[in-house]
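Text of target-v4.csv (CSV, C-alpha atoms) as supplied:
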```
chain,number,residue,atom,x,y,z
A,1,MET,CA,-21.1,-10.5,-30.8
A,2,ASP,CA,-17.7,-12.2,-30.6
A,3,PHE,CA,-16.7,-12.9,-27.0
A,4,ASP,CA,-13.6,-14.9,-27.9
A,5,LEU,CA,-10.2,-13.6,-26.7
A,6,SER,CA,-7.5,-12.6,-29.1
A,7,GLU,CA,-4.3,-14.5,-29.2
A,8,GLU,CA,-2.6,-11.7,-27.1
A,9,GLN,CA,-5.4,-11.8,-24.6
A,10,ARG,CA,-5.2,-15.5,-24.2
A,11,LEU,CA,-1.4,-15.2,-23.6
A,12,LEU,CA,-2.1,-12.5,-21.0
A,13,LYS,CA,-4.7,-14.7,-19.3
A,14,ASP,CA,-2.4,-17.7,-19.2
A,15,SER,CA,0.5,-15.7,-17.9
A,16,VAL,CA,-1.4,-14.0,-15.0
A,17,GLU,CA,-3.2,-17.1,-14.0
A,18,ARG,CA,0.1,-19.0,-14.0
A,19,LEU,CA,1.8,-16.3,-11.8
A,20,VAL,CA,-1.1,-16.5,-9.3
A,21,ALA,CA,-1.2,-20.3,-9.3
A,22,ASP,CA,2.6,-20.6,-8.8
A,23,HIS,CA,3.2,-17.8,-6.3
A,24,TYR,CA,-0.1,-17.2,-4.5
A,25,ASP,CA,-1.5,-20.2,-2.8
A,26,PHE,CA,-3.5,-19.6,0.4
A,27,GLU,CA,-0.5,-20.0,2.7
A,28,ALA,CA,1.6,-17.5,0.7
A,29,ARG,CA,-1.3,-15.1,1.0
A,30,LYS,CA,-1.2,-15.3,4.8
A,31,ARG,CA,2.5,-14.5,4.8
A,32,HIS,CA,1.9,-11.5,2.5
A,33,ILE,CA,-0.8,-10.2,4.8
A,34,ALA,CA,1.4,-10.5,7.8
A,35,GLY,CA,4.1,-8.3,6.2
A,36,PRO,CA,4.6,-4.6,7.2
A,37,LYS,CA,2.6,-3.3,4.2
A,38,GLY,CA,0.0,-6.1,4.2
A,39,TYR,CA,1.1,-7.3,0.8
A,40,SER,CA,4.3,-8.5,-0.9
A,41,ASP,CA,6.8,-6.2,-2.7
A,42,GLU,CA,8.2,-9.3,-4.5
A,43,ILE,CA,4.8,-10.1,-6.0
A,44,TRP,CA,4.4,-6.4,-7.0
A,45,SER,CA,7.7,-6.6,-8.8
A,46,ARG,CA,6.5,-9.7,-10.6
A,47,PHE,CA,3.4,-7.8,-11.7
A,48,ALA,CA,5.7,-5.1,-13.1
A,49,GLU,CA,7.9,-7.7,-14.9
A,50,LEU,CA,4.8,-9.2,-16.4
A,51,GLY,CA,3.7,-5.8,-17.7
A,52,ILE,CA,0.3,-5.7,-16.1
A,53,LEU,CA,0.9,-2.6,-14.0
A,54,GLY,CA,1.2,-0.5,-17.2
A,55,LEU,CA,-1.4,-2.4,-19.1
A,56,PRO,CA,-4.3,0.1,-19.4
A,57,PHE,CA,-2.2,3.2,-20.1
A,58,ALA,CA,-1.4,4.6,-23.5
A,59,GLU,CA,1.9,3.7,-25.1
A,60,GLU,CA,2.8,7.3,-25.6
A,61,ASP,CA,2.4,7.8,-21.8
A,62,GLY,CA,4.7,4.9,-20.9
A,63,GLY,CA,2.1,2.1,-20.8
A,64,PHE,CA,1.2,-0.8,-22.9
A,65,GLY,CA,-2.0,0.4,-24.6
A,66,GLY,CA,-4.4,-2.3,-23.2
A,67,GLY,CA,-8.1,-2.0,-23.0
A,68,GLY,CA,-11.0,-2.8,-20.6
A,69,VAL,CA,-10.9,-6.5,-21.6
A,70,ASP,CA,-7.3,-6.8,-20.6
A,71,THR,CA,-8.0,-5.3,-17.2
A,72,MET,CA,-11.0,-7.7,-16.9
A,73,ILE,CA,-8.6,-10.7,-17.5
A,74,VAL,CA,-6.1,-9.5,-14.9
A,75,MET,CA,-8.7,-8.8,-12.3
A,76,GLU,CA,-10.4,-12.1,-12.7
A,77,ALA,CA,-7.1,-13.9,-12.2
A,78,LEU,CA,-6.3,-11.8,-9.1
A,79,GLY,CA,-9.8,-12.6,-7.8
A,80,ARG,CA,-9.1,-16.3,-8.0
A,81,GLY,CA,-6.1,-15.9,-5.8
A,82,LEU,CA,-7.6,-13.4,-3.4
A,83,VAL,CA,-4.6,-11.2,-4.2
A,84,VAL,CA,-4.1,-8.4,-1.7
A,85,GLU,CA,-1.6,-6.3,-3.6
A,86,PRO,CA,-2.8,-2.8,-4.5
A,87,TYR,CA,-3.6,-3.3,-8.2
A,88,LEU,CA,-7.1,-1.9,-7.9
A,89,ALA,CA,-5.9,1.1,-5.9
A,90,THR,CA,-2.9,1.9,-8.0
A,91,VAL,CA,-3.7,0.9,-11.6
A,92,VAL,CA,-7.5,1.1,-11.8
A,93,MET,CA,-8.4,4.0,-9.4
A,94,GLY,CA,-5.4,6.2,-8.7
A,95,GLY,CA,-3.8,5.5,-12.1
A,96,GLY,CA,-7.2,5.6,-13.7
A,97,ALA,CA,-7.7,9.2,-12.5
A,98,VAL,CA,-4.4,10.2,-14.1
A,99,ARG,CA,-5.2,8.3,-17.3
A,100,ARG,CA,-8.6,9.9,-17.7
A,101,GLY,CA,-8.0,13.4,-16.3
A,102,GLY,CA,-4.3,14.1,-16.4
A,103,SER,CA,-2.4,16.4,-18.7
A,104,PRO,CA,0.1,14.9,-21.1
A,105,GLU,CA,2.9,16.1,-18.9
A,106,GLN,CA,1.3,14.6,-15.8
A,107,LYS,CA,0.7,11.2,-17.5
A,108,GLN,CA,4.3,11.1,-18.8
A,109,ARG,CA,5.6,11.9,-15.3
A,110,VAL,CA,3.5,9.3,-13.4
A,111,VAL,CA,2.6,6.4,-15.7
A,112,PRO,CA,6.2,5.0,-16.3
A,113,SER,CA,6.7,4.8,-12.6
A,114,ILE,CA,3.4,3.0,-12.2
A,115,ALA,CA,4.4,0.6,-14.9
A,116,ASP,CA,7.8,-0.3,-13.5
A,117,GLY,CA,6.3,-0.8,-10.0
A,118,SER,CA,8.2,2.1,-8.3
A,119,LEU,CA,5.1,4.3,-7.7
A,120,LYS,CA,1.9,3.2,-5.9
A,121,LEU,CA,-1.2,5.4,-6.0
A,122,ALA,CA,-4.4,5.8,-4.0
A,123,LEU,CA,-7.5,7.7,-4.8
A,124,ALA,CA,-8.6,9.7,-1.8
A,125,HIS,CA,-12.2,10.8,-2.5
A,126,SER,CA,-14.7,9.3,0.0
A,127,GLU,CA,-15.4,11.4,3.1
A,128,PRO,CA,-17.2,10.6,6.5
A,129,GLN,CA,-20.4,12.3,5.5
A,130,SER,CA,-20.5,11.4,1.8
A,131,ARG,CA,-21.9,7.9,2.0
A,132,TYR,CA,-22.5,6.9,-1.7
A,133,ASN,CA,-22.9,10.4,-3.0
A,134,LEU,CA,-19.8,11.1,-5.1
A,135,ALA,CA,-20.6,14.8,-5.3
A,136,ASN,CA,-20.6,15.3,-1.5
A,137,VAL,CA,-17.1,16.8,-1.1
A,138,ALA,CA,-16.3,18.9,1.9
A,139,ALA,CA,-12.5,18.9,1.6
A,140,SER,CA,-11.4,22.3,0.3
A,141,ALA,CA,-8.7,23.7,-1.9
A,142,ARG,CA,-7.8,27.4,-2.0
A,143,ARG,CA,-5.3,29.3,-4.0
A,144,ASP,CA,-2.0,29.8,-2.3
A,145,GLY,CA,0.3,32.0,-4.3
A,146,ASP,CA,1.1,30.0,-7.4
A,147,GLY,CA,-0.2,26.8,-5.9
A,148,TRP,CA,-2.9,25.4,-3.7
A,149,ALA,CA,-3.6,24.7,-0.1
A,150,LEU,CA,-5.7,21.7,0.8
A,151,ASP,CA,-7.7,20.8,4.0
A,152,GLY,CA,-10.1,18.0,4.8
A,153,GLU,CA,-10.5,14.4,5.7
A,154,LYS,CA,-10.7,11.3,3.5
A,155,VAL,CA,-11.9,7.9,4.6
A,156,PHE,CA,-11.6,4.3,3.4
A,157,VAL,CA,-8.8,5.2,1.0
A,158,LEU,CA,-7.9,1.8,-0.4
A,159,HIS,CA,-4.2,1.1,0.3
A,160,GLY,CA,-3.8,4.7,1.3
A,161,ASP,CA,-1.4,3.8,4.1
A,162,SER,CA,1.3,2.6,1.7
A,163,ALA,CA,0.7,4.8,-1.4
A,164,ASP,CA,3.5,7.1,-2.6
A,165,LEU,CA,1.1,9.4,-4.4
A,166,LEU,CA,-2.4,10.4,-3.5
A,167,VAL,CA,-5.0,11.6,-5.9
A,168,VAL,CA,-7.1,13.9,-3.7
A,169,SER,CA,-10.5,15.4,-4.5
A,170,ALA,CA,-11.1,18.9,-3.0
A,171,ARG,CA,-13.8,21.5,-3.5
A,172,VAL,CA,-12.6,24.7,-5.1
A,173,SER,CA,-16.0,26.4,-5.4
A,174,GLY,CA,-19.7,26.0,-5.0
A,175,GLY,CA,-21.8,24.1,-2.5
A,176,GLN,CA,-20.8,20.9,-0.8
A,177,THR,CA,-22.8,18.7,-3.1
A,178,ASP,CA,-22.5,20.6,-6.4
A,179,GLU,CA,-21.5,18.6,-9.4
A,180,THR,CA,-19.0,21.3,-10.4
A,181,GLY,CA,-16.3,23.1,-8.5
A,182,VAL,CA,-14.2,20.0,-7.6
A,183,GLY,CA,-10.6,19.5,-8.6
A,184,LEU,CA,-8.3,16.5,-8.3
A,185,PHE,CA,-4.8,17.1,-6.9
A,186,LEU,CA,-1.7,14.9,-7.1
A,187,VAL,CA,-0.3,15.0,-3.5
A,188,PRO,CA,2.9,13.1,-2.6
A,189,ALA,CA,2.1,11.1,0.6
A,190,ASP,CA,5.1,12.6,2.5
A,191,THR,CA,3.9,16.2,1.9
A,192,ALA,CA,3.8,18.3,5.1
A,193,GLY,CA,0.4,18.3,6.6
A,194,VAL,CA,-0.6,14.9,5.4
A,195,SER,CA,-1.3,12.3,8.1
A,196,ARG,CA,-2.5,8.7,7.5
A,197,GLN,CA,-4.0,6.2,9.8
A,198,GLY,CA,-3.9,2.8,8.2
A,199,TYR,CA,-5.9,-0.3,9.1
A,200,ALA,CA,-6.8,-3.8,7.9
A,201,THR,CA,-10.3,-4.3,6.4
A,202,GLN,CA,-12.3,-7.4,7.1
A,203,ASP,CA,-11.2,-9.1,3.9
A,204,SER,CA,-7.5,-8.6,4.8
A,205,MET,CA,-7.0,-5.7,2.4
A,206,ARG,CA,-5.7,-2.3,3.7
A,207,ALA,CA,-7.2,1.1,3.8
A,208,ALA,CA,-6.6,4.4,5.5
A,209,THR,CA,-8.1,7.6,6.9
A,210,ILE,CA,-6.2,10.5,5.5
A,211,ARG,CA,-6.2,14.0,7.0
A,212,LEU,CA,-4.9,17.1,5.2
A,213,GLU,CA,-4.1,20.2,7.2
A,214,ASN,CA,-3.0,23.2,5.1
A,215,VAL,CA,-1.3,20.9,2.7
A,216,ARG,CA,0.6,23.0,0.1
A,217,VAL,CA,1.1,21.8,-3.4
A,218,GLY,CA,2.3,23.5,-6.6
A,219,ALA,CA,0.1,24.6,-9.5
A,220,ASP,CA,1.2,21.5,-11.5
A,221,ALA,CA,-0.5,19.3,-8.9
A,222,LEU,CA,-4.0,20.1,-10.2
A,223,LEU,CA,-4.9,17.2,-12.4
A,224,GLY,CA,-5.4,18.3,-16.0
A,225,GLY,CA,-5.3,21.9,-14.9
A,226,ASP,CA,-9.1,21.7,-14.4
A,227,ALA,CA,-10.4,22.9,-11.0
A,228,GLU,CA,-14.1,22.5,-12.0
A,229,ASN,CA,-14.8,19.1,-13.5
A,230,GLY,CA,-13.0,16.6,-11.3
A,231,LEU,CA,-16.2,14.8,-10.5
A,232,LYS,CA,-16.6,13.8,-14.2
A,233,VAL,CA,-13.2,12.1,-13.9
A,234,ILE,CA,-14.2,10.5,-10.6
A,235,ARG,CA,-17.4,9.1,-12.0
A,236,ARG,CA,-15.6,7.5,-14.9
A,237,VAL,CA,-13.0,6.0,-12.6
A,238,TYR,CA,-15.6,4.6,-10.3
A,239,ASP,CA,-17.3,3.0,-13.3
A,240,ASP,CA,-13.9,1.5,-14.3
A,241,ALA,CA,-13.6,0.2,-10.7
A,242,VAL,CA,-17.1,-1.3,-10.8
A,243,ALA,CA,-16.2,-3.3,-14.0
A,244,ALA,CA,-12.8,-4.3,-12.5
A,245,THR,CA,-14.2,-5.5,-9.2
A,246,ALA,CA,-17.0,-7.3,-11.0
A,247,ALA,CA,-14.3,-9.3,-12.9
A,248,GLU,CA,-12.4,-9.9,-9.6
A,249,ALA,CA,-15.6,-11.2,-8.0
A,250,VAL,CA,-16.2,-13.6,-10.9
A,251,GLY,CA,-12.7,-15.0,-10.5
A,252,GLY,CA,-13.3,-15.4,-6.8
A,253,MET,CA,-16.7,-17.0,-7.4
A,254,GLN,CA,-15.3,-19.5,-9.8
A,255,ARG,CA,-12.5,-20.5,-7.4
A,256,ALA,CA,-15.0,-20.7,-4.5
A,257,LEU,CA,-17.2,-23.0,-6.6
A,258,GLU,CA,-14.2,-25.2,-7.4
A,259,LEU,CA,-13.2,-25.5,-3.8
A,260,THR,CA,-16.7,-26.3,-2.7
A,261,VAL,CA,-17.2,-29.0,-5.3
A,262,GLU,CA,-13.9,-30.5,-4.5
A,263,TYR,CA,-14.8,-30.5,-0.8
A,264,ILE,CA,-18.2,-32.2,-1.1
A,265,LYS,CA,-16.6,-34.9,-3.3
A,266,THR,CA,-14.0,-35.8,-0.7
A,267,ARG,CA,-15.8,-35.1,2.6
A,268,HIS,CA,-17.4,-38.3,3.8
A,269,GLN,CA,-20.5,-38.7,6.0
A,270,PHE,CA,-22.9,-41.6,6.5
A,271,GLY,CA,-20.4,-43.8,4.6
A,272,GLN,CA,-20.3,-41.8,1.4
A,273,PRO,CA,-19.2,-38.5,0.0
A,274,ILE,CA,-21.6,-35.8,0.9
A,275,GLY,CA,-21.6,-34.7,-2.7
A,276,ASN,CA,-23.7,-37.8,-3.4
A,277,PHE,CA,-26.7,-36.2,-1.7
A,278,GLN,CA,-29.0,-34.5,-4.3
A,279,ALA,CA,-29.8,-31.5,-2.0
A,280,LEU,CA,-26.1,-30.5,-1.9
A,281,GLN,CA,-25.8,-31.0,-5.7
A,282,HIS,CA,-28.6,-28.6,-6.2
A,283,GLN,CA,-26.9,-26.0,-4.0
A,284,ALA,CA,-23.7,-26.5,-6.0
A,285,VAL,CA,-25.7,-25.9,-9.2
A,286,ASP,CA,-27.1,-22.7,-7.7
A,287,MET,CA,-23.5,-21.6,-7.1
A,288,PHE,CA,-22.6,-22.3,-10.7
A,289,THR,CA,-25.6,-20.5,-12.0
A,290,ALA,CA,-25.0,-17.4,-9.9
A,291,THR,CA,-21.3,-17.4,-11.0
A,292,GLU,CA,-22.3,-17.5,-14.7
A,293,GLN,CA,-24.8,-14.7,-14.2
A,294,ALA,CA,-22.1,-12.6,-12.6
A,295,ARG,CA,-19.7,-13.4,-15.4
A,296,SER,CA,-22.2,-12.1,-18.0
A,297,MET,CA,-22.7,-8.9,-16.1
A,298,ALA,CA,-18.9,-8.5,-15.6
A,299,MET,CA,-18.4,-8.7,-19.4
A,300,TYR,CA,-21.3,-6.2,-19.9
A,301,ALA,CA,-19.8,-3.8,-17.4
A,302,THR,CA,-16.4,-4.0,-19.1
A,303,MET,CA,-18.0,-3.0,-22.4
A,304,MET,CA,-20.2,-0.3,-21.0
A,305,ALA,CA,-17.4,1.3,-19.0
A,306,GLN,CA,-16.2,2.8,-22.3
A,307,GLU,CA,-19.7,4.1,-23.2
A,308,ASP,CA,-19.9,7.9,-23.5
A,309,ASP,CA,-23.6,8.1,-22.8
A,310,ASP,CA,-23.7,8.8,-19.1
A,311,LEU,CA,-27.3,7.5,-18.6
A,312,GLU,CA,-26.7,4.2,-20.4
A,313,ARG,CA,-23.4,3.7,-18.6
A,314,ALA,CA,-25.1,4.5,-15.2
A,315,ARG,CA,-27.8,1.9,-15.9
A,316,ALA,CA,-25.3,-0.7,-16.8
A,317,MET,CA,-23.1,-0.1,-13.8
A,318,ALA,CA,-26.1,-0.2,-11.4
A,319,ALA,CA,-27.3,-3.4,-12.9
A,320,THR,CA,-23.9,-4.9,-12.6
A,321,ARG,CA,-23.6,-4.0,-9.0
A,322,VAL,CA,-27.0,-5.6,-8.2
A,323,GLN,CA,-26.0,-8.9,-9.9
A,324,ILE,CA,-22.5,-9.0,-8.5
A,325,GLY,CA,-23.8,-8.3,-5.0
A,326,ARG,CA,-26.5,-11.0,-5.2
A,327,SER,CA,-24.3,-13.6,-6.8
A,328,GLY,CA,-21.4,-13.0,-4.4
A,329,ARG,CA,-23.7,-13.4,-1.4
A,330,LEU,CA,-25.2,-16.6,-2.7
A,331,VAL,CA,-21.9,-18.2,-3.8
A,332,GLY,CA,-20.0,-17.1,-0.6
A,333,LYS,CA,-22.7,-18.2,1.8
A,334,THR,CA,-23.5,-21.4,0.1
A,335,GLY,CA,-19.8,-22.3,-0.1
A,336,VAL,CA,-19.4,-21.7,3.6
A,337,GLN,CA,-22.5,-23.7,4.4
A,338,LEU,CA,-21.5,-26.7,2.3
A,339,HIS,CA,-18.1,-26.7,4.0
A,340,GLY,CA,-19.8,-27.0,7.4
A,341,GLY,CA,-18.1,-25.8,10.5
A,342,VAL,CA,-14.7,-25.5,9.0
A,343,GLY,CA,-16.1,-23.0,6.5
A,344,VAL,CA,-16.0,-20.3,9.1
A,345,THR,CA,-12.5,-20.9,10.3
A,346,ILE,CA,-9.6,-18.7,9.2
A,347,GLU,CA,-7.6,-21.8,8.1
A,348,PHE,CA,-10.0,-22.5,5.2
A,349,ALA,CA,-10.0,-20.3,2.2
A,350,ILE,CA,-13.8,-20.4,1.5
A,351,GLY,CA,-14.7,-18.0,4.3
A,352,HIS,CA,-12.2,-15.5,3.0
A,353,TYR,CA,-13.9,-15.5,-0.4
A,354,LEU,CA,-17.2,-14.6,1.3
A,355,LYS,CA,-15.5,-11.7,3.1
A,356,ARG,CA,-14.1,-10.4,-0.1
A,357,PHE,CA,-17.4,-10.7,-1.9
A,358,THR,CA,-19.0,-8.8,1.0
A,359,MET,CA,-16.5,-6.0,0.7
A,360,ILE,CA,-16.8,-5.8,-3.1
A,361,ASP,CA,-20.6,-5.4,-2.6
A,362,ALA,CA,-20.1,-2.6,-0.1
A,363,MET,CA,-17.3,-0.6,-1.7
A,364,PHE,CA,-19.2,1.4,-4.4
A,365,GLY,CA,-22.7,1.0,-3.1
A,366,ASP,CA,-24.3,-2.3,-2.2
A,367,ALA,CA,-26.8,-4.3,-4.3
A,368,ASP,CA,-29.8,-2.7,-2.6
A,369,HIS,CA,-28.5,0.8,-3.1
A,370,HIS,CA,-27.9,0.2,-6.8
A,371,LEU,CA,-31.3,-1.5,-7.2
A,372,GLY,CA,-32.8,1.8,-6.1
A,373,ILE,CA,-30.7,3.7,-8.6
A,374,LEU,CA,-31.7,1.3,-11.4
A,375,SER,CA,-35.3,1.8,-10.5
A,376,ASP,CA,-35.0,5.6,-10.6
A,377,LEU,CA,-33.3,5.3,-14.0
A,378,GLY,CA,-36.2,3.3,-15.4
A,379,GLY,CA,-34.6,-0.1,-15.4
A,380,LEU,CA,-31.7,-1.5,-17.5
A,381,LEU,CA,-33.4,-0.7,-20.8
A,382,PRO,CA,-34.8,2.7,-21.8
A,383,ALA,CA,-38.5,3.1,-21.3
A,384,ASP,CA,-39.2,3.1,-25.1
A,385,ALA,CA,-37.2,0.0,-25.8
A,386,GLY,CA,-39.0,-2.9,-27.4
```
Final C-alpha cells representation of the file:
Amino acid sequence: MDFDLSEEQRLLKDSVERLVADHYDFEARKRHIAGPKGYSDEIWSRFAELGILGLPFAEEDGGFGGGGVDTMIVMEALGRGLVVEPYLATVVMGGGAVRRGGSPEQKQRVVPSIADGSLKLALAHSEPQSRYNLANVAASARRDGDGWALDGEKVFVLHGDSADLLVVSARVSGGQTDETGVGLFLVPADTAGVSRQGYATQDSMRAATIRLENVRVGADALLGGDAENGLKVIRRVYDDAVAATAAEAVGGMQRALELTVEYIKTRHQFGQPIGNFQALQHQAVDMFTATEQARSMAMYATMMAQEDDDLERARAMAATRVQIGRSGRLVGKTGVQLHGGVGVTIEFAIGHYLKRFTMIDAMFGDADHHLGILSDLGGLLPADAG
C-alpha cells in the first residue's frame, strides 16, 4: 500500500505546519488561552484563509472536497502546536454531523459559513448519565406545531460556550437507550431556552454544559429530515473524531519527543549532558517506539473511518483508542520524568502535552474501555482470519 502523500497533500502539510510554527509558539498559546473565548479569532481567520476549515466538505456544498488523509495532516500539525482553536468541535464533529447527515439545503446553508470562519459549531450529545454509551439519550424532542420543542441537558460539549450553532441530539421516540428514535437538530446558540455554562478543561481547551428548556426550532432544524436514525450519524462522526484525535496525538507525541531529546542533550549533570546516560537514552527510544506505533494506528484509523462495514470499523477504532491511549501515556509521562522537576511546571510545554494526551484518551472512551470493546468484538481480526 502506498503511504506517500500526493503533491497537494505535501503542500497542505507544509502550509499548516508553517502556520503553526510561525504563529503558535508556546508563549502565543498562553495568550490565546487567556483571551475571552479561550482561543484566538485571528488564528481562526488564518485557518479560514488557508482553506482548512472547509477542507473535508464537498465542493458542491461550499467546501474543498478533501478526504480523511487531509484531515489527518491538519490534525497532526495542530497537535504539534497544542492548538486550542475549535477545529475538532467545528469542522470534525459539528460540521461532520452536517456533512454526514444534513440535507443538501442544510449543507449549502451551513458549510460556506464554516469554511469562511464566520460560523462555529459544537456537537451536543453526551449527557450526565450516558458515560460512553452513545445510545443513552434522555434529552427529548416533541412535535410543536410545524416545528419541534427540545428539553434536556448536555455535558462536556467541546467549545460549546463559544459556538454559534449547536448540533443537538434528542430522543423523539422509544426507550432511553434504543438505537433508533433519536434525531439531530440544528439549534442556534442564542435560541430562547438555551443556557450555557462554559469552563476550561485541564488541557486548557474549553467545554460547556448546555441546558435546553422548551427550546423551539423550526421543521428545517431536523438534520436530514430524519427523526429516527441520528445515532447512525453520531457513530460515524465519533469514528471520524477518533481518527482525527489520533492524528492530533501523534503530532503532539512527535513534538514531545523532540522537546525531550533536546532537553536531555542540553541539561548538564555530573559534568556532562544527561543524555549521555544510557538509561535515559533507552527511555527516549521507548518514547520514539510508542510514537511510531501510534502513528501507524492513526493512519489505520484514517483509512478505516471510511469503512462501511460497521463491525470492521468498530474493531479498528477500538484498537486505535487502545494504542493511542497507551502511547500517549508513555510518551507524556516519560517526557515529564526526563525533564525532572521543571516538567510539572506550567512554564514548560512538556506537561501540557501530557495533559492533552490524557484528555484525548478520556474523550471517547479510554484505552481500558476500548480494550474491553475490542475483546467483546473478538479482537482486531475476525475470528476466522488466518
Write out, as a tab-separated table, each residue of stretch 202-297 of chain A that has an atom at most 7 Å from stretch 319-340 of chain A, together with the closest pair of atoms and their distance in Å to one decimal, counting all atoms listed in the file, rows going by chain and rising number.
```
residue	atom	partner	partner_atom	distance
A:Ala246	CA	A:Ile324	CA	6.3
A:Met253	CA	A:Val331	CA	6.4
A:Ala256	CA	A:Gly335	CA	6.7
A:Thr260	CA	A:Gly335	CA	5.7
A:Tyr263	CA	A:His339	CA	7.0
A:Met287	CA	A:Val331	CA	5.0
A:Ala290	CA	A:Ser327	CA	5.0
A:Thr291	CA	A:Ser327	CA	6.4
A:Ala294	CA	A:Ile324	CA	5.5
A:Met297	CA	A:Thr320	CA	5.4
```
#### Entry: Non-local contacts of A:Ile52 (12 Å; all atoms listed in the file; under 2 positions in same chain excluded) as a ChimeraX atom specification
/A:9,12-13,15-16,19,43-50,54-57,63-67,70-75,77-78,87-88,90-92,114-117
### Task
Find the spatial neighbours of A:Lys30, counting all atoms listed in the file, within a cut-off of 10 Å - ignore same-chain residues fewer than 3 positions away - and output them as a ChimeraX atom specification.
/A:24-27,33-35,38-39,84,204,347
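Distances from A:Leu119, A:Ala349, A:Leu371, A:Val83 to A:Leu53 were compared using all atoms listed in the file, and the smallest one belongs to A:Leu119.
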Within 10 Å of stretch 189-203 of chain A: each stretch 291-385 of chain A residue with its shortest pair, all atoms listed in the file, as a Markdown table:
```
| residue | atom | partner | partner_atom | distance |
| --- | --- | --- | --- | --- |
| A:Gly351 | CA | A:Asp203 | CA | 9.6 |
| A:His352 | CA | A:Asp203 | CA | 6.5 |
| A:Tyr353 | CA | A:Asp203 | CA | 8.2 |
| A:Leu354 | CA | A:Asp203 | CA | 8.5 |
| A:Lys355 | CA | A:Asp203 | CA | 5.1 |
| A:Arg356 | CA | A:Asp203 | CA | 5.1 |
| A:Phe357 | CA | A:Asp203 | CA | 8.6 |
| A:Thr358 | CA | A:Asp203 | CA | 8.3 |
| A:Met359 | CA | A:Asp203 | CA | 6.9 |
| A:Ile360 | CA | A:Asp203 | CA | 9.6 |
```
### Message
As an exercise, work out the distance from atom CA of A:Gly96 to atom CA of A:Asp146 in Å and give it to one decimal place.
### Response
26.5 Å
Determine, using only C-alpha atoms, which residues of stretch 79-119 of chain A have any atom at most 10 Å from an atom of stretch 172-187 of chain A, and tabulate each with its shortest atom pair and distance in Å to one decimal place, rows ordered by chain and then rising number, as a Markdown table.
```
| residue | atom | partner | partner_atom | distance |
| --- | --- | --- | --- | --- |
| A:Gly94 | CA | A:Leu186 | CA | 9.6 |
| A:Ala97 | CA | A:Leu184 | CA | 8.4 |
| A:Val98 | CA | A:Leu186 | CA | 8.9 |
| A:Gly101 | CA | A:Leu184 | CA | 8.6 |
| A:Gly102 | CA | A:Leu184 | CA | 9.3 |
| A:Gln106 | CA | A:Leu186 | CA | 9.2 |
| A:Val110 | CA | A:Leu186 | CA | 9.9 |
```
### Message
Report, in Å with one decimal, the straight-line distance from atom CA of A:Lys107 to atom CA of A:Asp226.
### Response
14.7 Å
### Task
Grab the atom CA of A:Arg99 to atom CA of A:Ala243 distance for me, in Å with one decimal place.
16.3 Å
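The nearest approach to A:Gly79 among the residues A:Gln281, A:Ser118, A:Thr245, A:Asn229, with all atoms listed in the file taken into account, belongs to A:Thr245.
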### Message
List the spatial neighbours of A:Thr266 as a list in words - criterion: any atom at most 12 Å away, all atoms listed in the file, same-chain residues fewer than 6 positions off excluded.
### Response
Leu259, Thr260, Gln272, Pro273, Ile274, Gly275, Asn276 and His339 of chain A
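Among the candidate residues A:Asp239, A:Asp368, A:Asp14, A:Asp376, the one lying nearest to A:Asp310 is A:Asp239, with distances computed using all atoms listed in the file.
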### Task
Identify which of the residues A:Val242, A:Ala124, A:Ala247, A:Ala316 lies closest to A:Leu166, counting all atoms listed in the file when measuring atom-to-atom distances.
A:Ala124
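Between A:Ala141 and the candidates A:Leu374, A:Val342, A:Leu212, A:Ala241, the tightest atom-to-atom separation, counting all atoms listed in the file, involves A:Leu212.
Of the listed residues A:Asp144, A:Asp164, A:Asp41, A:Glu85, the one whose atoms come nearest to A:Arg206 is A:Glu85, with distances taken using only C-alpha atoms.
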